[in-house]
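Next comes work-v1.txt, a file with compact mmCIF, C-alpha atoms.
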# COMPACT_ATOMS: atom_id res chain seq x y z
CA MET A 1 -31.59 54.59 -23.04
CA LYS A 2 -32.88 56.26 -19.89
CA VAL A 3 -36.10 54.41 -19.06
CA LYS A 4 -38.73 56.55 -17.32
CA CYS A 5 -41.61 54.10 -17.64
CA ALA A 6 -42.52 50.64 -18.90
CA ILE A 7 -45.88 49.84 -20.48
CA PHE A 8 -46.96 46.19 -20.44
CA ASP A 9 -49.63 44.41 -22.42
CA PHE A 10 -51.47 41.87 -20.25
CA ASP A 11 -52.78 38.96 -22.32
CA GLY A 12 -49.98 36.81 -23.70
CA THR A 13 -47.26 39.19 -22.49
CA LEU A 14 -47.58 39.17 -18.70
CA PHE A 15 -50.17 36.40 -18.29
CA ASP A 16 -50.77 33.11 -20.06
CA SER A 17 -54.31 33.98 -21.06
CA MET A 18 -54.53 34.09 -24.84
CA PHE A 19 -55.80 30.53 -25.17
CA ILE A 20 -59.05 31.36 -23.39
CA TRP A 21 -60.07 33.56 -26.32
CA ASP A 22 -59.53 30.66 -28.73
CA GLN A 23 -61.13 28.04 -26.51
CA VAL A 24 -63.93 29.87 -24.71
CA GLY A 25 -66.60 28.58 -27.10
CA GLU A 26 -65.49 24.99 -26.59
CA ILE A 27 -65.29 25.38 -22.81
CA TYR A 28 -68.73 26.98 -22.72
CA LEU A 29 -70.29 24.25 -24.89
CA ARG A 30 -68.85 21.51 -22.70
CA SER A 31 -70.33 23.22 -19.64
CA LEU A 32 -73.71 22.68 -21.33
CA GLY A 33 -72.99 19.01 -22.01
CA LYS A 34 -72.27 19.56 -25.72
CA GLU A 35 -69.15 18.33 -27.49
CA PRO A 36 -67.73 20.87 -29.96
CA GLN A 37 -66.91 19.83 -33.50
CA PRO A 38 -63.20 19.87 -34.49
CA SER A 39 -63.84 22.78 -36.87
CA MET A 40 -65.58 24.99 -34.32
CA ARG A 41 -62.51 26.95 -33.20
CA GLU A 42 -61.74 28.06 -36.75
CA ASP A 43 -65.41 28.67 -37.51
CA VAL A 44 -65.75 31.30 -34.76
CA ARG A 45 -62.22 32.76 -34.78
CA ALA A 46 -63.14 35.89 -36.76
CA LEU A 47 -66.67 36.28 -35.37
CA SER A 48 -67.90 38.88 -32.89
CA LEU A 49 -69.40 37.78 -29.58
CA TYR A 50 -72.91 38.21 -30.97
CA GLN A 51 -72.07 36.30 -34.15
CA SER A 52 -70.45 33.52 -32.13
CA ALA A 53 -73.54 33.22 -29.95
CA CYS A 54 -75.75 32.99 -33.04
CA TYR A 55 -73.46 30.33 -34.50
CA LEU A 56 -73.52 28.23 -31.31
CA LYS A 57 -77.30 28.48 -31.02
CA GLN A 58 -77.85 27.34 -34.58
CA GLU A 59 -75.10 24.74 -34.98
CA TYR A 60 -75.61 23.07 -31.61
CA ALA A 61 -79.38 23.51 -31.30
CA LEU A 62 -79.13 25.37 -28.01
CA SER A 63 -82.44 26.18 -26.35
CA LEU A 64 -80.95 29.32 -24.77
CA SER A 65 -81.48 32.76 -26.31
CA VAL A 66 -78.62 34.51 -28.07
CA GLU A 67 -78.42 36.96 -25.16
CA GLU A 68 -78.20 34.11 -22.63
CA ILE A 69 -75.43 32.47 -24.67
CA MET A 70 -73.51 35.75 -24.80
CA THR A 71 -73.85 36.06 -21.02
CA GLY A 72 -72.63 32.50 -20.57
CA ILE A 73 -69.58 33.09 -22.75
CA ASN A 74 -68.74 36.26 -20.83
CA GLN A 75 -69.12 34.46 -17.50
CA THR A 76 -66.74 31.74 -18.72
CA ILE A 77 -64.13 34.37 -19.53
CA GLU A 78 -64.69 36.17 -16.23
CA HIS A 79 -64.28 32.96 -14.23
CA PHE A 80 -60.98 32.26 -15.96
CA TYR A 81 -59.52 35.68 -15.15
CA ILE A 82 -60.82 35.78 -11.61
CA HIS A 83 -59.94 32.22 -10.59
CA GLU A 84 -57.47 30.56 -12.97
CA VAL A 85 -55.16 32.71 -15.13
CA LEU A 86 -51.49 32.74 -14.10
CA PRO A 87 -48.48 34.93 -14.95
CA ASN A 88 -46.02 33.68 -17.51
CA PRO A 89 -42.82 32.08 -16.16
CA GLY A 90 -40.28 34.61 -14.93
CA VAL A 91 -42.67 37.56 -14.96
CA ILE A 92 -42.77 38.19 -11.22
CA ASP A 93 -38.98 38.12 -10.85
CA PHE A 94 -38.68 40.48 -13.81
CA LEU A 95 -41.18 42.93 -12.31
CA LYS A 96 -39.32 42.80 -9.00
CA GLN A 97 -36.12 43.78 -10.78
CA MET A 98 -37.86 46.61 -12.62
CA GLN A 99 -39.23 47.86 -9.31
CA MET A 100 -35.80 47.65 -7.69
CA ASP A 101 -34.48 49.74 -10.56
CA GLU A 102 -37.22 52.28 -9.80
CA ILE A 103 -38.83 51.99 -13.23
CA PRO A 104 -42.56 52.77 -12.90
CA MET A 105 -44.87 50.38 -14.72
CA CYS A 106 -48.42 50.28 -16.02
CA ILE A 107 -50.67 47.99 -18.08
CA THR A 108 -52.43 48.73 -21.36
CA THR A 109 -55.02 46.10 -22.25
CA ALA A 110 -57.99 45.22 -24.42
CA SER A 111 -59.46 43.22 -21.53
CA ASP A 112 -61.84 44.66 -18.94
CA ARG A 113 -60.35 46.41 -15.91
CA TYR A 114 -62.04 44.25 -13.28
CA GLN A 115 -60.72 41.07 -14.90
CA ILE A 116 -57.16 42.40 -14.89
CA GLU A 117 -57.44 43.71 -11.34
CA ALA A 118 -58.85 40.39 -10.13
CA ALA A 119 -56.02 38.40 -11.72
CA LEU A 120 -53.33 40.74 -10.38
CA SER A 121 -54.81 40.72 -6.88
CA ARG A 122 -55.12 36.92 -6.74
CA CYS A 123 -51.47 36.57 -7.79
CA GLY A 124 -50.26 39.31 -5.42
CA MET A 125 -49.00 41.49 -8.29
CA GLU A 126 -51.12 44.64 -8.12
CA HIS A 127 -48.42 46.62 -6.29
CA TYR A 128 -46.07 46.49 -9.27
CA PHE A 129 -48.29 48.71 -11.44
CA ASP A 130 -49.11 52.36 -10.99
CA ALA A 131 -52.04 52.35 -13.42
CA ILE A 132 -54.13 50.27 -15.80
CA PHE A 133 -55.37 51.66 -19.12
CA THR A 134 -58.07 49.72 -20.95
CA CYS A 135 -59.07 50.11 -24.58
CA SER A 136 -62.74 50.44 -23.65
CA GLU A 137 -62.04 53.26 -21.19
CA VAL A 138 -59.67 55.07 -23.55
CA GLY A 139 -62.06 54.61 -26.45
CA HIS A 140 -59.47 53.25 -28.87
CA GLY A 141 -58.03 49.83 -29.65
CA LYS A 142 -54.37 49.06 -30.15
CA ASP A 143 -54.68 49.67 -33.87
CA GLU A 144 -54.29 53.32 -32.79
CA PRO A 145 -51.52 54.67 -30.51
CA VAL A 146 -53.81 56.62 -28.16
CA ILE A 147 -53.65 54.14 -25.28
CA PHE A 148 -49.84 54.12 -25.39
CA GLN A 149 -49.74 57.90 -25.54
CA LYS A 150 -52.00 58.26 -22.51
CA ALA A 151 -49.87 55.83 -20.51
CA MET A 152 -46.70 57.70 -21.45
CA GLU A 153 -48.26 61.06 -20.52
CA TYR A 154 -49.39 59.64 -17.16
CA PHE A 155 -45.72 59.19 -16.23
CA GLY A 156 -44.57 62.46 -17.76
CA ALA A 157 -42.28 60.55 -20.10
CA ASP A 158 -41.58 60.81 -23.82
CA ARG A 159 -41.15 58.21 -26.55
CA SER A 160 -37.39 58.02 -26.15
CA SER A 161 -37.73 57.10 -22.46
CA THR A 162 -40.73 54.77 -22.71
CA ILE A 163 -40.57 51.01 -23.31
CA ILE A 164 -43.60 49.05 -24.47
CA PHE A 165 -43.77 45.29 -23.92
CA GLU A 166 -46.09 43.61 -26.43
CA ASP A 167 -46.69 40.23 -28.02
CA ALA A 168 -49.24 41.05 -30.76
CA ILE A 169 -48.09 42.12 -34.21
CA HIS A 170 -50.82 44.75 -34.70
CA ALA A 171 -49.98 46.47 -31.39
CA ILE A 172 -46.25 46.38 -32.12
CA GLN A 173 -46.85 47.89 -35.55
CA THR A 174 -48.96 50.66 -34.03
CA ALA A 175 -46.41 51.50 -31.34
CA LYS A 176 -43.46 51.48 -33.73
CA ALA A 177 -45.28 53.65 -36.28
CA ASP A 178 -45.84 56.22 -33.53
CA GLY A 179 -42.16 56.27 -32.57
CA PHE A 180 -42.12 54.11 -29.43
CA GLU A 181 -39.40 51.67 -28.38
CA VAL A 182 -40.87 48.16 -28.31
CA VAL A 183 -39.75 44.98 -26.60
CA ALA A 184 -41.49 42.06 -28.31
CA VAL A 185 -42.32 39.08 -26.11
CA PHE A 186 -42.80 35.67 -27.72
CA ASP A 187 -46.30 34.22 -27.47
CA ASN A 188 -47.16 31.02 -29.29
CA SER A 189 -50.61 32.30 -30.23
CA GLU A 190 -48.94 34.87 -32.50
CA LYS A 191 -47.62 33.18 -35.64
CA ARG A 192 -45.74 36.09 -37.30
CA GLN A 193 -42.64 35.83 -35.14
CA THR A 194 -40.08 36.61 -37.84
CA GLU A 195 -41.89 39.83 -38.67
CA ILE A 196 -42.23 40.69 -35.00
CA ARG A 197 -38.54 40.08 -34.34
CA ASN A 198 -37.53 42.29 -37.27
CA LEU A 199 -39.91 45.09 -36.30
CA SER A 200 -39.15 45.30 -32.59
CA ASP A 201 -36.22 47.08 -30.92
CA CYS A 202 -35.62 44.10 -28.65
CA TYR A 203 -37.00 40.55 -28.68
CA ILE A 204 -37.21 38.15 -25.74
CA GLU A 205 -38.32 34.53 -25.77
CA ASP A 206 -39.68 34.74 -22.23
CA PHE A 207 -39.19 36.58 -18.95
CA LYS A 208 -36.78 33.96 -17.63
CA HIS A 209 -34.22 34.98 -20.25
CA THR A 210 -34.08 38.78 -20.39
CA GLU A 211 -30.36 39.43 -20.82
CA GLU A 212 -30.98 41.02 -24.23
CA PHE A 213 -33.49 43.42 -22.70
CA TRP A 214 -31.16 44.60 -19.93
CA GLU A 215 -28.41 45.20 -22.48
CA PHE A 216 -30.86 47.17 -24.61
CA ALA A 217 -32.16 49.19 -21.64
CA SER A 218 -28.67 50.08 -20.42
CA ALA A 219 -27.34 51.14 -23.83
CA GLU A 220 -26.68 54.84 -24.33

Whole structure, structure tokens version:
Amino acid sequence: MKVKCAIFDFDGTLFDSMFIWDQVGEIYLRSLGKEPQPSMREDVRALSLYQSACYLKQEYALSLSVEEIMTGINQTIEHFYIHEVLPNPGVIDFLKQMQMDEIPMCITTASDRYQIEAALSRCGMEHYFDAIFTCSEVGHGKDEPVIFQKAMEYFGADRSSTIIFEDAIHAIQTAKADGFEVVAVFDNSEKRQTEIRNLSDCYIEDFKHTEEFWEFASAE
């Protein structure tokens, strides 16, 4: 296929950041001198930020208000993106090769723009990407194809010349249902790997072993 643009998810695909979303409650509690119970991670997994803050206040007898707890959780996430998160192994070399092949790239993400920009800047990677599209700015999550469509339109491409790199099953399902070509990237936080492999056009274990992708991208 003739690739006119590549659209990358950020969390789990480019950067090793998914664990912060599972562990942020525990990290935040420990910063307050509280030890989380073994069941806490599962207890809050499906909760909203507000619901999680209410849970922590009640279960751990926190003297802070729900609003203060929400702020503290957000600050924990922000600190991670700004100061700690790192790209997955092989990502930088892969992006260099894409750039050498003159394939323009962008990011579509559910995270906030300033977090993504801070992480890219700290790692010296901002120059690889022409644009960043966030779900909050677009007004749609990845359960709808709008964010992928806007990224494609930005480059003046079409579905047959656009490649989407994703690790999450719901985003892959959305992109495939809308007619996009999808390269699935393994992430150990996503358990439905057999389904992902079967659904995607190309599947890579990591960015250090991308031979299958280059064969896919060069196929007529």

Contacts of segment 93-183 of chain A with segment 7-31 of chain A up to 6 Å, shortest pair per row, all atoms listed in the file, as a Markdown table:
| residue | atom | partner | partner_atom | distance |
| --- | --- | --- | --- | --- |
| A:Met105 | CA | A:Ile7 | CA | 5.9 |
| A:Cys106 | CA | A:Ile7 | CA | 5.2 |
| A:Ile107 | CA | A:Phe8 | CA | 4.8 |
| A:Thr108 | CA | A:Asp9 | CA | 5.3 |
| A:Thr109 | CA | A:Asp9 | CA | 5.7 |
| A:Ile164 | CA | A:Ile7 | CA | 4.7 |
| A:Phe165 | CA | A:Phe8 | CA | 4.8 |
| A:Glu166 | CA | A:Asp9 | CA | 5.4 |
| A:Asp167 | CA | A:Thr13 | CA | 5.7 |

Legend entry - Between atom CA of Gln149 of chain A and atom CA of Glu212 of chain A - distance in Å to one decimal: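 One can read the atom CA of Glu212 of chain A to atom CA of Gln149 of chain A distance as 25.3 Å.
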
Inset, instruction - Could you please give me, as a list in words, the residues of protein, DNA or RNA lying at most 8 Å from (-34.5, 55.8, -19.5) in the coordinate frame of the file, considering all atoms listed in the file? - result: Met1, Lys2, Val3, Lys4, Cys5, Ser160, Ser161, Thr162 and Ala217 of chain A

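Going from atom CA of Ala184 of chain A over to atom CA of Met125 of chain A, you cover 21.4 Å.
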
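Minimum atom-to-atom distances from A:Met100, A:Ile163, A:Ile73, A:Leu64 to Gly179 of chain A were compared using all atoms listed in the file, and the lowest value belongs to A:Ile163.
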
Inset, instruction - Name the closest residue to Val183 of chain A among the candidates A:Thr76, A:Asn88, A:Thr210, A:Ser52; distances are taken between atoms, counting all atoms listed in the file. - result: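 Distance minimum relative to Val183 of chain A lands on A:Thr210.
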
Inset, instruction - Could you jot down the atom CA of His209 of chain A to atom CA of Gly90 of chain A separation for me, Å, one decimal place? - result: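 Here the two named atoms are 8.1 Å from each other.
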
Take segment 92-107 of chain A, bring it up to N, CA, C and O atoms, and give me the output as an mmCIF file, in the coordinates of the input.
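Just written: part07.cif:
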data_model
loop_
_atom_site.group_PDB
_atom_site.id
_atom_site.type_symbol
_atom_site.label_atom_id
_atom_site.label_comp_id
_atom_site.auth_asym_id
_atom_site.auth_seq_id
_atom_site.Cartn_x
_atom_site.Cartn_y
_atom_site.Cartn_z
ATOM 1 N N ILE A 92 -42.818 37.550 -12.537
ATOM 2 C CA ILE A 92 -42.770 38.190 -11.220
ATOM 3 C C ILE A 92 -41.342 38.609 -10.868
ATOM 4 O O ILE A 92 -41.108 39.722 -10.383
ATOM 5 N N ASP A 93 -40.375 37.758 -11.124
ATOM 6 C CA ASP A 93 -38.980 38.120 -10.850
ATOM 7 C C ASP A 93 -38.556 39.320 -11.695
ATOM 8 O O ASP A 93 -37.816 40.195 -11.226
ATOM 9 N N PHE A 94 -39.013 39.359 -12.937
ATOM 10 C CA PHE A 94 -38.680 40.480 -13.810
ATOM 11 C C PHE A 94 -39.274 41.783 -13.279
ATOM 12 O O PHE A 94 -38.602 42.826 -13.237
ATOM 13 N N LEU A 95 -40.531 41.736 -12.856
ATOM 14 C CA LEU A 95 -41.180 42.930 -12.310
ATOM 15 C C LEU A 95 -40.492 43.395 -11.030
ATOM 16 O O LEU A 95 -40.364 44.597 -10.790
ATOM 17 N N LYS A 96 -40.057 42.445 -10.225
ATOM 18 C CA LYS A 96 -39.320 42.800 -9.000
ATOM 19 C C LYS A 96 -38.058 43.570 -9.352
ATOM 20 O O LYS A 96 -37.721 44.559 -8.696
ATOM 21 N N GLN A 97 -37.346 43.103 -10.380
ATOM 22 C CA GLN A 97 -36.120 43.780 -10.780
ATOM 23 C C GLN A 97 -36.410 45.173 -11.319
ATOM 24 O O GLN A 97 -35.686 46.130 -11.026
ATOM 25 N N MET A 98 -37.471 45.304 -12.105
ATOM 26 C CA MET A 98 -37.860 46.610 -12.620
ATOM 27 C C MET A 98 -38.178 47.556 -11.463
ATOM 28 O O MET A 98 -37.778 48.730 -11.468
ATOM 29 N N GLN A 99 -38.874 47.042 -10.469
ATOM 30 C CA GLN A 99 -39.230 47.860 -9.310
ATOM 31 C C GLN A 99 -37.988 48.257 -8.523
ATOM 32 O O GLN A 99 -37.868 49.398 -8.065
ATOM 33 N N MET A 100 -37.062 47.336 -8.380
ATOM 34 C CA MET A 100 -35.800 47.650 -7.690
ATOM 35 C C MET A 100 -35.030 48.728 -8.427
ATOM 36 O O MET A 100 -34.346 49.549 -7.801
ATOM 37 N N ASP A 101 -35.142 48.729 -9.745
ATOM 38 C CA ASP A 101 -34.480 49.740 -10.560
ATOM 39 C C ASP A 101 -35.280 51.035 -10.651
ATOM 40 O O ASP A 101 -34.912 51.946 -11.391
ATOM 41 N N GLU A 102 -36.365 51.097 -9.901
ATOM 42 C CA GLU A 102 -37.220 52.280 -9.800
ATOM 43 C C GLU A 102 -37.785 52.709 -11.159
ATOM 44 O O GLU A 102 -37.850 53.896 -11.484
ATOM 45 N N ILE A 103 -38.174 51.726 -11.953
ATOM 46 C CA ILE A 103 -38.830 51.990 -13.230
ATOM 47 C C ILE A 103 -40.334 51.824 -13.029
ATOM 48 O O ILE A 103 -40.806 50.714 -12.774
ATOM 49 N N PRO A 104 -41.111 52.886 -13.090
ATOM 50 C CA PRO A 104 -42.560 52.770 -12.900
ATOM 51 C C PRO A 104 -43.200 52.004 -14.058
ATOM 52 O O PRO A 104 -42.745 52.093 -15.207
ATOM 53 N N MET A 105 -44.254 51.266 -13.744
ATOM 54 C CA MET A 105 -44.870 50.380 -14.720
ATOM 55 C C MET A 105 -46.385 50.538 -14.731
ATOM 56 O O MET A 105 -47.001 50.852 -13.712
ATOM 57 N N CYS A 106 -46.965 50.289 -15.903
ATOM 58 C CA CYS A 106 -48.420 50.280 -16.020
ATOM 59 C C CYS A 106 -48.814 49.212 -17.037
ATOM 60 O O CYS A 106 -47.962 48.607 -17.697
ATOM 61 N N ILE A 107 -50.118 48.978 -17.151
ATOM 62 C CA ILE A 107 -50.670 47.990 -18.080
ATOM 63 C C ILE A 107 -51.576 48.688 -19.078
ATOM 64 O O ILE A 107 -52.378 49.546 -18.696
#
